[in-house]
file entry-v9.tsv (TSV, C-alpha atoms)
chain	number	residue	atom	x	y	z
A	1	MET	CA	26.27	-39.26	5.98
A	2	PRO	CA	22.50	-38.57	5.77
A	3	ASP	CA	21.06	-37.57	2.43
A	4	ILE	CA	18.15	-35.25	1.64
A	5	TYR	CA	15.63	-38.09	1.76
A	6	GLN	CA	16.34	-38.69	5.45
A	7	ILE	CA	15.41	-35.15	6.45
A	8	PRO	CA	11.77	-35.02	7.65
A	9	THR	CA	9.24	-33.35	5.36
A	10	GLU	CA	8.26	-30.94	8.16
A	11	LEU	CA	11.84	-29.68	8.39
A	12	TRP	CA	12.05	-29.20	4.63
A	13	HIS	CA	8.82	-27.24	4.84
A	14	SER	CA	10.33	-24.87	7.42
A	15	ILE	CA	13.50	-24.43	5.35
A	16	LEU	CA	11.59	-23.69	2.15
A	17	VAL	CA	9.26	-21.21	3.89
A	18	GLN	CA	12.33	-19.17	4.86
A	19	ALA	CA	13.75	-19.43	1.34
A	20	CYS	CA	10.60	-18.57	-0.62
A	21	THR	CA	10.26	-14.88	0.23
A	22	ASP	CA	11.27	-13.31	-3.08
A	23	GLY	CA	8.00	-13.18	-4.99
A	24	GLY	CA	8.14	-16.75	-6.24
A	25	TYR	CA	11.51	-17.00	-8.02
A	26	THR	CA	13.11	-19.40	-5.51
A	27	GLY	CA	9.98	-21.55	-5.36
A	28	ARG	CA	9.89	-21.91	-9.16
A	29	SER	CA	13.62	-22.67	-9.27
A	30	LEU	CA	13.32	-25.38	-6.61
A	31	ALA	CA	10.38	-26.94	-8.42
A	32	LEU	CA	12.55	-27.29	-11.53
A	33	ALA	CA	15.66	-28.55	-9.72
A	34	SER	CA	14.61	-32.18	-9.27
A	35	ARG	CA	11.62	-34.40	-8.66
A	36	PHE	CA	12.38	-34.39	-4.94
A	37	PHE	CA	12.37	-30.61	-4.62
A	38	HIS	CA	9.38	-30.35	-6.94
A	39	GLY	CA	7.44	-32.45	-4.46
A	40	GLN	CA	8.77	-30.64	-1.40
A	41	SER	CA	8.05	-27.18	-2.81
A	42	HIS	CA	4.61	-28.02	-4.19
A	43	ARG	CA	2.69	-26.86	-1.11
A	44	LEU	CA	4.68	-23.59	-1.08
A	45	ARG	CA	4.47	-22.90	-4.78
A	46	PHE	CA	2.23	-19.86	-4.28
A	47	TYR	CA	3.36	-18.91	-0.78
A	48	THR	CA	4.72	-15.55	-2.02
A	49	LEU	CA	3.39	-13.81	-5.14
A	50	ALA	CA	4.70	-10.65	-6.82
A	51	ILE	CA	2.44	-9.84	-9.77
A	52	THR	CA	3.31	-6.81	-11.88
A	53	SER	CA	0.55	-6.64	-14.48
A	54	LEU	CA	-3.12	-7.40	-14.94
A	55	GLN	CA	-2.24	-9.83	-17.72
A	56	ARG	CA	-0.11	-11.91	-15.35
A	57	LEU	CA	-2.81	-11.79	-12.67
A	58	GLU	CA	-5.37	-13.12	-15.15
A	59	ALA	CA	-2.96	-15.85	-16.28
A	60	LEU	CA	-2.42	-16.94	-12.67
A	61	ASN	CA	-6.17	-17.13	-12.05
A	62	THR	CA	-6.62	-19.21	-15.21
A	63	PHE	CA	-3.95	-21.63	-14.01
A	64	LEU	CA	-5.42	-21.93	-10.52
A	65	LEU	CA	-8.89	-22.59	-11.90
A	66	SER	CA	-7.50	-25.41	-14.05
A	67	GLN	CA	-6.18	-27.31	-11.01
A	68	PRO	CA	-8.03	-30.14	-9.23
A	69	VAL	CA	-10.76	-29.09	-6.81
A	70	ASP	CA	-8.73	-30.28	-3.80
A	71	PHE	CA	-5.75	-28.07	-4.77
A	72	GLN	CA	-5.70	-25.34	-2.11
A	73	PRO	CA	-2.49	-23.29	-2.28
A	74	LYS	CA	-1.45	-21.43	0.86
A	75	ILE	CA	-0.98	-17.82	-0.31
A	76	VAL	CA	0.66	-15.77	2.45
A	77	HIS	CA	2.33	-12.73	0.83
A	78	VAL	CA	1.02	-10.78	-2.20
A	79	TYR	CA	2.35	-7.76	-4.10
A	80	LEU	CA	0.29	-6.29	-6.94
A	81	SER	CA	1.23	-3.57	-9.41
A	82	PHE	CA	-0.16	-2.78	-12.83
A	83	THR	CA	2.51	-1.91	-15.37
A	84	ASP	CA	0.13	-2.67	-18.26
A	85	GLU	CA	-2.63	-0.28	-17.25
A	86	PRO	CA	-3.82	2.08	-20.01
A	87	TYR	CA	-2.86	5.73	-19.78
A	88	PHE	CA	-4.50	8.67	-21.49
A	89	ASN	CA	-1.50	10.10	-23.36
A	90	LEU	CA	-1.84	13.84	-22.87
A	91	PHE	CA	1.01	14.65	-25.28
A	92	THR	CA	-0.61	12.68	-28.13
A	93	ALA	CA	-4.02	14.16	-27.36
A	94	THR	CA	-2.70	17.73	-27.32
A	95	LYS	CA	-0.85	17.15	-30.60
A	96	SER	CA	-4.05	15.87	-32.21
A	97	LEU	CA	-5.95	18.90	-30.92
A	98	LEU	CA	-3.43	21.28	-32.50
A	99	GLU	CA	-3.15	19.41	-35.80
A	100	ASP	CA	-6.60	17.95	-36.42
A	101	GLY	CA	-8.94	19.97	-34.22
A	102	SER	CA	-11.28	19.18	-31.37
A	103	SER	CA	-12.97	16.19	-33.07
A	104	ALA	CA	-9.72	14.18	-33.04
A	105	PHE	CA	-9.13	15.15	-29.42
A	106	ILE	CA	-12.64	14.05	-28.41
A	107	LYS	CA	-12.20	10.76	-30.28
A	108	LEU	CA	-8.97	10.04	-28.40
A	109	LEU	CA	-10.63	10.96	-25.13
A	110	VAL	CA	-13.61	8.64	-25.73
A	111	GLU	CA	-11.37	5.77	-26.87
A	112	GLY	CA	-9.12	6.22	-23.84
A	113	LYS	CA	-12.07	6.24	-21.45
A	114	THR	CA	-13.55	3.12	-23.07
A	115	GLU	CA	-10.23	1.28	-22.83
A	116	ARG	CA	-9.86	2.26	-19.19
A	117	THR	CA	-13.41	1.10	-18.38
A	118	ARG	CA	-12.74	-2.32	-19.88
A	119	TRP	CA	-9.44	-2.55	-18.04
A	120	ASP	CA	-11.13	-1.66	-14.74
A	121	GLU	CA	-13.71	-4.42	-15.25
A	122	ARG	CA	-10.96	-6.95	-15.86
A	123	LEU	CA	-9.04	-5.69	-12.81
A	124	PHE	CA	-12.04	-6.10	-10.52
A	125	ALA	CA	-12.71	-9.66	-11.68
A	126	ALA	CA	-9.06	-10.77	-11.62
A	127	SER	CA	-8.26	-9.25	-8.22
A	128	ALA	CA	-11.43	-10.72	-6.72
A	129	GLY	CA	-10.46	-14.15	-8.06
A	130	LEU	CA	-7.03	-14.14	-6.43
A	131	LEU	CA	-7.71	-12.27	-3.19
A	132	THR	CA	-10.89	-14.20	-2.36
A	133	ARG	CA	-8.88	-17.40	-2.69
A	134	ALA	CA	-6.05	-15.97	-0.56
A	135	ALA	CA	-8.09	-14.11	2.08
A	136	SER	CA	-8.03	-16.79	4.78
A	137	THR	CA	-4.22	-17.22	4.76
A	138	LEU	CA	-2.85	-13.85	3.63
A	139	ARG	CA	-0.49	-12.08	6.05
A	140	THR	CA	0.96	-9.26	3.91
A	141	LEU	CA	-0.62	-7.36	1.02
A	142	CYS	CA	0.98	-4.57	-1.02
A	143	ILE	CA	-0.84	-2.77	-3.85
A	144	ALA	CA	1.14	-0.28	-5.93
A	145	GLY	CA	-1.04	1.93	-8.10
A	146	ALA	CA	0.77	4.66	-9.99
A	147	GLY	CA	-1.97	6.75	-11.57
A	148	PRO	CA	-4.34	9.43	-10.25
A	149	TRP	CA	-7.52	7.46	-10.99
A	150	PRO	CA	-9.35	4.93	-8.78
A	151	TYR	CA	-8.21	1.31	-8.74
A	152	ASP	CA	-11.41	-0.73	-8.54
A	153	LEU	CA	-10.22	-3.88	-6.79
A	154	GLY	CA	-12.43	-6.79	-5.84
A	155	LEU	CA	-11.53	-7.25	-2.17
A	156	PRO	CA	-13.28	-9.75	0.11
A	157	ARG	CA	-14.99	-8.40	3.21
A	158	GLU	CA	-12.42	-9.72	5.68
A	159	PHE	CA	-8.78	-10.77	5.81
A	160	PRO	CA	-8.68	-12.55	9.19
A	161	LYS	CA	-4.88	-13.06	9.31
A	162	LEU	CA	-3.58	-9.99	7.47
A	163	GLU	CA	-0.88	-8.29	9.55
A	164	GLU	CA	0.65	-5.78	7.10
A	165	LEU	CA	-1.03	-3.66	4.43
A	166	SER	CA	0.53	-1.04	2.17
A	167	TRP	CA	-0.79	0.71	-0.91
A	168	ALA	CA	-0.31	3.67	-3.22
A	169	GLY	CA	-3.08	5.47	-5.06
A	170	TYR	CA	-6.83	5.67	-4.54
A	171	ILE	CA	-8.45	2.31	-3.79
A	172	PRO	CA	-12.17	2.75	-3.02
A	173	ALA	CA	-12.47	-0.85	-1.82
A	174	ILE	CA	-10.29	0.09	1.18
A	175	ALA	CA	-11.18	3.76	1.73
A	176	PRO	CA	-14.32	4.79	-0.15
A	177	GLU	CA	-15.13	8.45	-0.60
A	178	GLY	CA	-17.95	10.07	1.35
A	179	THR	CA	-17.93	7.80	4.42
A	180	THR	CA	-15.69	6.91	7.35
A	181	GLU	CA	-16.78	3.26	7.32
A	182	SER	CA	-14.43	0.94	5.46
A	183	PRO	CA	-16.00	-2.03	3.65
A	184	ILE	CA	-13.16	-4.33	4.73
A	185	SER	CA	-12.19	-5.66	8.13
A	186	LEU	CA	-8.62	-6.47	9.17
A	187	PRO	CA	-8.87	-7.62	12.79
A	188	ARG	CA	-5.16	-8.56	13.13
A	189	LEU	CA	-3.57	-5.69	11.20
A	190	ARG	CA	-0.46	-4.35	12.90
A	191	ARG	CA	1.36	-2.32	10.22
A	192	LEU	CA	-0.31	0.09	7.79
A	193	HIS	CA	1.39	2.27	5.16
A	194	PHE	CA	-0.39	4.28	2.50
A	195	VAL	CA	0.91	6.70	-0.11
A	196	LEU	CA	-1.61	9.47	-0.70
A	197	PRO	CA	-3.02	9.79	-4.23
A	198	TYR	CA	-2.17	12.71	-6.46
A	199	ALA	CA	-5.07	15.06	-5.78
A	200	GLY	CA	-8.74	15.32	-4.92
A	201	THR	CA	-10.93	15.01	-1.87
A	202	HIS	CA	-10.12	11.30	-1.56
A	203	ARG	CA	-6.67	12.26	-0.20
A	204	THR	CA	-8.38	12.58	3.20
A	205	GLN	CA	-10.03	9.17	3.02
A	206	PRO	CA	-7.32	6.69	4.09
A	207	LEU	CA	-6.54	8.40	7.40
A	208	SER	CA	-10.20	8.68	8.34
A	209	HIS	CA	-10.71	4.93	7.77
A	210	VAL	CA	-7.82	3.69	9.91
A	211	THR	CA	-9.78	2.75	13.01
A	212	THR	CA	-12.63	1.04	11.15
A	213	ILE	CA	-10.10	-1.06	9.24
A	214	THR	CA	-7.90	-2.12	12.14
A	215	SER	CA	-10.11	-2.46	15.24
A	216	GLY	CA	-7.40	-0.84	17.38
A	217	THR	CA	-4.71	-3.48	16.76
A	218	LEU	CA	-2.34	-1.18	14.87
A	219	THR	CA	1.22	-0.74	16.16
A	220	HIS	CA	2.85	0.90	13.11
A	221	LEU	CA	1.37	3.67	10.95
A	222	ARG	CA	3.03	5.44	8.02
A	223	ILE	CA	1.54	8.16	5.78
A	224	SER	CA	3.56	9.11	2.69
A	225	ASP	CA	3.38	12.03	0.26
A	226	VAL	CA	1.61	14.42	2.64
A	227	SER	CA	1.56	17.81	0.90
A	228	TYR	CA	0.21	21.36	1.13
A	229	GLN	CA	-3.20	19.91	0.17
A	230	ASP	CA	-3.48	18.07	3.48
A	231	LEU	CA	-4.26	20.84	5.97
A	232	GLY	CA	-6.48	18.53	8.02
A	233	THR	CA	-3.95	15.72	8.36
A	234	PRO	CA	-2.20	16.97	11.54
A	235	PHE	CA	-5.50	17.28	13.42
A	236	THR	CA	-6.76	13.86	12.28
A	237	LEU	CA	-3.44	12.22	13.10
A	238	GLY	CA	-3.51	13.86	16.54
A	239	MET	CA	-6.97	12.36	17.10
A	240	LEU	CA	-5.70	8.92	16.11
A	241	MET	CA	-2.76	9.22	18.54
A	242	ARG	CA	-4.76	10.54	21.49
A	243	ALA	CA	-5.48	7.18	23.16
A	244	ARG	CA	-1.79	6.32	23.04
A	245	CYS	CA	-0.51	9.71	24.15
A	246	GLY	CA	-3.26	10.59	26.61
A	247	TRP	CA	-4.04	13.97	25.11
A	248	ASP	CA	-6.76	15.95	23.43
A	249	PRO	CA	-5.28	16.96	20.07
A	250	PRO	CA	-2.87	19.85	20.70
A	251	SER	CA	-3.90	23.27	19.44
A	252	ILE	CA	-2.66	23.31	15.87
A	253	ALA	CA	-2.78	25.99	13.23
A	254	SER	CA	-4.65	23.98	10.60
A	255	SER	CA	-7.31	22.86	13.16
A	256	ALA	CA	-10.31	20.58	12.68
A	257	GLU	CA	-12.16	22.95	10.37
A	258	ASN	CA	-9.72	22.13	7.56
A	259	ASP	CA	-10.49	18.42	7.80
A	260	PRO	CA	-14.02	17.80	6.49
A	261	LEU	CA	-14.09	14.40	8.19
A	262	ALA	CA	-12.85	15.48	11.62
A	263	PRO	CA	-16.25	16.39	13.12
A	264	THR	CA	-17.78	13.04	12.16
A	265	PRO	CA	-18.01	10.11	14.60
A	266	GLY	CA	-15.54	8.18	12.46
A	267	VAL	CA	-12.73	10.46	13.57
A	268	SER	CA	-13.62	12.63	16.51
A	269	SER	CA	-15.39	10.10	18.76
A	270	VAL	CA	-14.21	6.64	17.81
A	271	ALA	CA	-10.66	7.20	16.55
A	272	ALA	CA	-8.22	5.55	18.93
A	273	LEU	CA	-5.06	3.55	18.34
A	274	PRO	CA	-3.98	2.57	21.86
A	275	HIS	CA	-1.15	0.25	20.83
A	276	LEU	CA	0.81	2.55	18.52
A	277	GLN	CA	4.58	2.15	18.73
A	278	HIS	CA	5.84	3.82	15.55
A	279	VAL	CA	4.39	6.67	13.46
A	280	ILE	CA	6.05	7.99	10.28
A	281	VAL	CA	4.89	10.98	8.25
A	282	HIS	CA	6.59	11.48	4.89
A	283	GLY	CA	5.96	14.95	3.47
A	284	VAL	CA	6.65	16.50	0.05
A	285	ARG	CA	7.54	20.19	-0.10
A	286	PRO	CA	6.29	22.28	-3.04
A	287	VAL	CA	8.99	23.46	-5.43
A	288	PHE	CA	8.46	26.77	-7.26
A	289	GLY	CA	4.83	26.60	-6.14
A	290	ARG	CA	2.33	29.38	-5.76
A	291	ILE	CA	2.59	31.53	-2.65
A	292	ASP	CA	-0.55	29.94	-1.20
A	293	GLU	CA	0.89	26.43	-1.74
A	294	THR	CA	4.07	27.38	0.09
A	295	SER	CA	2.24	29.00	2.98
A	296	GLU	CA	-0.14	26.04	3.32
A	297	TRP	CA	2.79	23.63	3.34
A	298	ASP	CA	4.52	25.72	6.02
A	299	GLU	CA	1.35	25.41	8.11
A	300	VAL	CA	1.05	21.64	7.61
A	301	SER	CA	4.73	20.95	8.31
A	302	ALA	CA	4.75	23.19	11.41
A	303	ASP	CA	1.77	21.30	12.82
A	304	LEU	CA	3.34	17.91	12.08
A	305	GLU	CA	6.59	18.96	13.74
A	306	MET	CA	4.62	20.17	16.76
A	307	LEU	CA	2.90	16.77	17.00
A	308	GLY	CA	6.35	15.22	17.18
A	309	ARG	CA	7.43	17.53	20.01
A	310	GLU	CA	4.24	16.86	21.98
A	311	CYS	CA	4.61	13.13	21.37
A	312	ARG	CA	8.17	13.09	22.71
A	313	LYS	CA	7.01	14.89	25.87
A	314	SER	CA	3.86	12.92	26.64
A	315	CYS	CA	4.76	9.42	25.39
A	316	PRO	CA	8.51	9.09	24.72
A	317	ASP	CA	8.22	5.36	24.07
A	318	LEU	CA	6.21	6.08	20.88
A	319	LEU	CA	8.62	6.72	18.00
A	320	TYR	CA	7.41	9.61	15.80
A	321	VAL	CA	9.40	10.33	12.64
A	322	PHE	CA	8.68	13.23	10.28
A	323	VAL	CA	10.71	13.34	7.05
A	324	THR	CA	10.32	15.74	4.12
A	325	ARG	CA	11.45	15.74	0.51
A	326	GLU	CA	11.04	18.19	-2.35
A	327	TRP	CA	8.12	17.49	-4.68
A	328	GLY	CA	10.43	16.83	-7.62
A	329	ALA	CA	12.22	14.16	-5.62
A	330	LYS	CA	9.11	12.09	-4.88
A	331	ALA	CA	9.98	8.49	-4.17
A	332	ARG	CA	9.64	5.91	-6.95
A	333	TRP	CA	6.71	4.35	-5.14
A	334	VAL	CA	5.93	1.38	-7.40
A	335	ASP	CA	9.49	0.06	-7.07
A	336	ARG	CA	9.92	1.33	-3.55
A	337	LEU	CA	6.84	-0.45	-2.24
A	338	LEU	CA	8.06	-3.69	-3.82
A	339	ASP	CA	11.47	-3.30	-2.17
A	340	ASP	CA	9.92	-2.48	1.22
A	341	TRP	CA	7.47	-5.39	0.99
A	342	ALA	CA	10.23	-7.85	0.05
A	343	ALA	CA	12.38	-6.60	2.91
A	344	ARG	CA	9.58	-7.06	5.43
A	345	ILE	CA	8.73	-10.65	4.44
A	346	SER	CA	12.44	-11.45	4.65
A	347	GLY	CA	12.62	-10.14	8.21
A	348	GLY	CA	13.91	-6.62	7.44
A	349	SER	CA	12.61	-3.20	8.44
A	350	GLY	CA	11.22	-2.16	5.05
A	351	CYS	CA	9.74	1.33	5.13
A	352	TRP	CA	9.77	1.52	8.94
A	353	VAL	CA	12.67	3.90	9.30
A	354	LYS	CA	13.78	5.48	12.55
A	355	SER	CA	15.48	8.56	11.13
A	356	ASP	CA	15.78	10.83	8.11
A	357	ALA	CA	19.11	9.21	7.26
A	358	GLU	CA	17.51	5.77	7.03
A	359	GLU	CA	14.77	7.12	4.75
A	360	ASP	CA	17.37	8.75	2.52
A	361	ALA	CA	19.25	5.45	2.23
A	362	LEU	CA	16.09	3.65	1.09
A	363	GLU	CA	15.30	6.29	-1.53
A	364	ARG	CA	18.78	6.05	-2.99
A	365	VAL	CA	18.76	2.27	-3.50

call {"tool": "encode", "arguments": {"input": "entry-v9.tsv", "output": "structure tokens"}}
result
Amino acid sequence: MPDIYQIPTELWHSILVQACTDGGYTGRSLALASRFFHGQSHRLRFYTLAITSLQRLEALNTFLLSQPVDFQPKIVHVYLSFTDEPYFNLFTATKSLLEDGSSAFIKLLVEGKTERTRWDERLFAASAGLLTRAASTLRTLCIAGAGPWPYDLGLPREFPKLEELSWAGYIPAIAPEGTTESPISLPRLRRLHFVLPYAGTHRTQPLSHVTTITSGTLTHLRISDVSYQDLGTPFTLGMLMRARCGWDPPSIASSAENDPLAPTPGVSSVAALPHLQHVIVHGVRPVFGRIDETSEWDEVSADLEMLGRECRKSCPDLLYVFVTREWGAKARWVDRLLDDWAARISGGSGCWVKSDAEEDALERV
């Protein structure tokens, strides 16, 4: 009976590639199992990385820099989240304002801003160190930011093999404010999912950058956490779908005038995604909101539903899914993005649901 040493190295490589899709746990376990598996898994040691804090990202970079010059790990899948990021604690600040006056509040505010600035500098350097090293081989990238502030990541100019990108929060390195030109190029990107940030004008940025990021290769597009703030989203999405559906954007209530980027060449003239197969819009309904919030949401949701009806008539082979949830039931995006990313690299569907029922099942996991 043949033993493990008689199986060709190339076959072991294929087996281990299929096994090492869980963020690195299986790869580390195999490396510790025996000398044989340590050797076989060495080339795949960093094939899949799930990094959940800046401290761990910095530790990984330190390790990689300590390796011999000819050590070139093949990094294919990366998930980044930042559970150690500093937060300005509003409760503590308010308590200090009530008890000790404005001087204590200002001191906390200055200290919090200083801490965040230092953290941002570390984040830029650490992310640039890893992603520059991984850029030539990376196929999936997921970045889960949880706060309302910008995440200043050091991204290289191009990811030539990246096929799937997902992120939550505001990441200027992908979709900078004030322009429709993205500083990064993803010539092979096929699946794109972004969760809109909490508030501000930069909510409109990701959608306006889609075509400059992808060069028309995109087949799957998902936008999550669309709200009453996003009156221009239906028009912009209609513009992005027009090459695939063969339409001028249908007449919609919110219209182009509500999207400050719609009249620019980045959206109105160039925007075209001719290979789209699957579009998902995930909306959040206001709960106990002001009357104007409710009416604006009704307008946005009506336009998005109308896009779905027009899509089914003009291009029935393009799957358009519109799901809504109450604001208080917003998905746990940091964990959810990790689950969806892990499912995709293991061959599953991830966030690419085909119905409201499938979305509900994912949110309840």

call {"tool": "axis_aligned_box", "arguments": {"input": "entry-v9.tsv", "around": "stretch 311-321 of chain A", "padding_each_side": "6 Å", "output": "JSON"}}
result
{"center_x": 6.6, "center_y": 10.1, "center_z": 19.6, "size_x": 17.5, "size_y": 21.5, "size_z": 26.0}

call {"tool": "atom_distance", "arguments": {"input": "entry-v9.tsv", "atom1": "atom CA of A:Pro73", "atom2": "atom CA of A:Gly129"}}
result
13.4 Å

call {"tool": "closest_residue", "arguments": {"input": "entry-v9.tsv", "among": "A:Ile223, A:Val287, A:Leu153, A:Ala243", "to": "A:Arg325", "atoms": "all atoms listed in the file"}}
result
A:Val287

call {"tool": "atom_distance", "arguments": {"input": "entry-v9.tsv", "atom1": "atom CA of A:Ser81", "atom2": "atom CA of A:Ala135"}}
result
18.2 Å

call {"tool": "closest_residue", "arguments": {"input": "entry-v9.tsv", "among": "A:Trp247, A:Ala144, A:Asp225, A:Arg191", "to": "A:Ser349", "atoms": "only C-alpha atoms"}}
result
A:Arg191

call {"tool": "closest_residue", "arguments": {"input": "entry-v9.tsv", "among": "A:Gln277, A:Gln55, A:Ser166, A:Thr236", "to": "A:Trp333", "atoms": "all atoms listed in the file"}}
result
A:Ser166

call {"tool": "closest_residue", "arguments": {"input": "entry-v9.tsv", "among": "A:Phe235, A:Phe46, A:Phe194, A:Phe322", "to": "A:Leu165", "atoms": "all atoms listed in the file"}}
result
A:Phe194

call {"tool": "atom_distance", "arguments": {"input": "entry-v9.tsv", "atom1": "atom CA of A:Gly348", "atom2": "atom CA of A:Leu131"}}
result
24.7 Å

call {"tool": "closest_residue", "arguments": {"input": "entry-v9.tsv", "among": "A:Ala173, A:Val78, A:Leu338, A:Val226", "to": "A:Pro156", "atoms": "all atoms listed in the file"}}
result
A:Ala173

call {"tool": "closest_residue", "arguments": {"input": "entry-v9.tsv", "among": "A:Ala168, A:Met306, A:Leu60, A:Leu162", "to": "A:Leu337", "atoms": "all atoms listed in the file"}}
result
A:Ala168

call {"tool": "residues_around", "arguments": {"input": "entry-v9.tsv", "residues": "A:Arg157", "least_positions_apart": "5", "cutoff": "12 Å", "atoms": "all atoms listed in the file", "output": "PyMOL selection string"}}
result
chain A and resi 128+131-132+135-136+173-174+182-187+213

call {"tool": "residues_around", "arguments": {"input": "entry-v9.tsv", "residues": "A:Met241", "least_positions_apart": "6", "cutoff": "8 Å", "atoms": "only C-alpha atoms", "output": "PyMOL selection string"}}
result
chain A and resi 272-274+276

call {"tool": "residues_near_point", "arguments": {"input": "entry-v9.tsv", "point": "(16.1, 6.4, 3.3)", "cutoff": "12 Å", "atoms": "only C-alpha atoms", "output": "MDAnalysis selection string"}}
result
chainID A and resid 282 323:325 331 336 340 349:365

call {"tool": "residues_around", "arguments": {"input": "entry-v9.tsv", "residues": "A:Leu192", "least_positions_apart": "4", "cutoff": "10 Å", "atoms": "only C-alpha atoms", "output": "PyMOL selection string"}}
result
chain A and resi 163-167+210+213-214+218-223+279
